[in-house]
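Student: Handing you a structure now.
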Number of protein chains: 2
Amino acid sequence: MFIIRSMKLSDGIEWGIHVTTLLAVLPPEGALPAARLAEFHGVPAAYLAKHLQALSRAGILASIHGPRGGYRLAKPATEITVLDVVEAIDGTEPAFRCNEIRRRGPTAQPAAAYPLPCGIHRVMVSADLVWRASLRSVTVADLVTTVANDGDPAGLVAGAKWIRDALA
Amino acid sequence: MFIIRSMKLSDGIEWGIHVTTLLAVLPPEGALPAARLAEFHGVPAAYLAKHLQALSRAGILASIHGPRGGYRLAKPATEITVLDVVEAIDGTEPAFRCNEIRRRGPTAQPAAAYPLPCGIHRVMVSADLVWRASLRSVTVADLVTTVANDGDPAGLVAGAKWIRDALA
């Protein structure tokens, strides 16, 4: 299968980062069920569920059982990077898939003739590494600070009230 | 439509970079038809054709008519970056598509309440910019140097002979 324009990240990443940022402002021991998280973000609960499971498997979220159960962060927001969320949802595989086409065609040589990765592959891997480093340099705690600084005051008040009601 | 793992670049990028690198070592005025380029890379000619057209539209390749016609670089290899090829084939749209989910749900505010781009969006845009900067820092001429330095001697000789025969 060939795909012409596919350098796209899944929508799940946007949702995963928003959810993680919201959970970062809950009071200690607070947790929100999947349905509430979906409601807050205006997204389908069934779809969000699988991303919440992926974030749990990656050790970013913890799932708490019981009447006040739900999801909360599994570790401090200062220790969760944006890259952690991206990789939990989209995986760690680099964007560029090298098919080793240098080994095809009439001038192809035996495999032993290619001890080094293809130079083109190396360029793409380097770019992928700086992309990941950039996402690794920002934590979910940083995102909370950004939202607090930039957010619309009425929206922040409404959000705080919504969280208080949801936890009540 | 939701896509779970989609941070993938198209195969066309790998082919486009290989083709551009091959054309960079042709003698002045040399050109290779699409069928020959496909043969060299062991890829379907029909599929390669549309990428060659995209590279031409982007001003990276020139299409020469006539009996010795075909494709050649439209400008010096030192002036074509890997990013130019990537964007010619996959477009310039960032990988992250922001759906502004911050404006959804029960705490959504009027549009005027969001004068700044979402902080999450900004983090993803920054990462996209460093990814593109990394690809912009390498030219097709650099790739030729890499292949010449790292390539298998027998493969390089076979490649040179193939080019000579193809241009004859």
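Naming works like this for the structure tokens: A, B, ... for the chains as they're shown, residue 1 at the start of each chain, ligands 1 onward in shown order.
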Can you build me a table of chain B residues sitting at most 7 Å from chain A, with the closest atom pair per residue and its distance in Å to one decimal, using only C-alpha atoms, sorted by chain and residue number, as a tab-separated table?

Tutor:
```
residue	atom	partner	partner_atom	distance
B:Phe2	CA	A:Asp11	CA	6.7
B:Ile3	CA	A:Ser10	CA	5.4
B:Ile4	CA	A:Ser10	CA	5.6
B:Arg5	CA	A:Asp90	CA	5.0
B:Ser6	CA	A:Leu9	CA	5.6
B:Met7	CA	A:Leu9	CA	4.8
B:Lys8	CA	A:Ala95	CA	4.2
B:Leu9	CA	A:Met7	CA	4.8
B:Ser10	CA	A:Ile3	CA	5.4
B:Asp11	CA	A:Phe2	CA	6.7
B:Gly12	CA	A:Ile4	CA	6.9
B:Glu14	CA	A:Cys98	CA	6.9
B:Glu39	CA	A:Gly105	CA	6.0
B:Phe40	CA	A:Gly105	CA	4.9
B:His41	CA	A:Gly105	CA	5.0
B:Gly42	CA	A:Gly105	CA	4.3
B:Asp90	CA	A:Arg5	CA	4.9
B:Ala95	CA	A:Lys8	CA	4.2
B:Phe96	CA	A:Leu9	CA	5.2
B:Cys98	CA	A:Glu14	CA	6.9
B:Ile101	CA	A:His41	CA	6.1
B:Arg102	CA	A:His41	CA	6.8
B:Arg104	CA	A:Gly42	CA	5.1
B:Gly105	CA	A:Gly42	CA	4.3
B:Pro106	CA	A:Phe40	CA	6.1
B:Thr107	CA	A:Ala158	CA	5.4
B:Ala108	CA	A:Gly155	CA	6.7
B:Gln109	CA	A:Gly155	CA	6.0
B:Ala113	CA	A:Asp152	CA	5.5
B:Tyr114	CA	A:Asp152	CA	6.5
B:Gly119	CA	A:Thr146	CA	6.1
B:Ile120	CA	A:Leu143	CA	6.9
B:Ala127	CA	A:Trp131	CA	5.0
B:Asp128	CA	A:Trp131	CA	6.6
B:Val130	CA	A:Trp131	CA	6.2
B:Trp131	CA	A:Ala127	CA	5.0
B:Ser134	CA	A:Ala127	CA	5.2
B:Leu135	CA	A:Ala127	CA	6.2
B:Leu143	CA	A:Gly119	CA	6.6
B:Thr146	CA	A:Gly119	CA	6.1
B:Val147	CA	A:Gly119	CA	6.5
B:Asp152	CA	A:Ala113	CA	5.5
B:Gly155	CA	A:Gln109	CA	6.0
B:Ala158	CA	A:Thr107	CA	5.4
B:Gly159	CA	A:Thr107	CA	5.7
```

Student: Report as a ChimeraX atom specification: the residues of chain A with a DSSP assignment of strand (DSSP E or B), based on the backbone of this structure.

Tutor: /A:7,32,61-64,70-73,81,139

Student: Please provide the set of residues having any atom within 9 Å of Ala58 of chain B, restricted to only C-alpha atoms, with same-chain residues fewer than 4 positions apart removed, written as a list in words.

Tutor: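 Here the answer would be Gln53, Ala54, Asp84, Val85, Glu87, Ala88 and Ile89 of chain B.
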
Student: Please provide the set of residues having any atom within 12 Å of Arg68 of chain A, restricted to only C-alpha atoms, with same-chain residues fewer than 6 positions apart removed, written as JSON, numbers by chain.

Tutor: {"A": [29, 30, 31, 32, 33, 36, 166, 167, 168]}

Student: When DSSP works through the backbone of this structure, what residues of segment 30-164 of chain B end up as helix (DSSP H, G or I), shown as a PyMOL selection string?

Tutor: chain B and resi 34-41+45-57+77-79+82-90+101-103+111-113+119-136+140-150+153-164

Student: For atom CA of Leu23 of chain A and atom CA of Lys75 of chain A, determine how far apart the two atoms are, in Å to one decimal place.

Tutor: 10.9 Å

Student: To one decimal place in Å, what is the distance between atom CA of Ala24 of chain B and atom CA of Arg122 of chain A?

Tutor: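 Separation of atom CA of Ala24 of chain B and atom CA of Arg122 of chain A: 18.8 Å.
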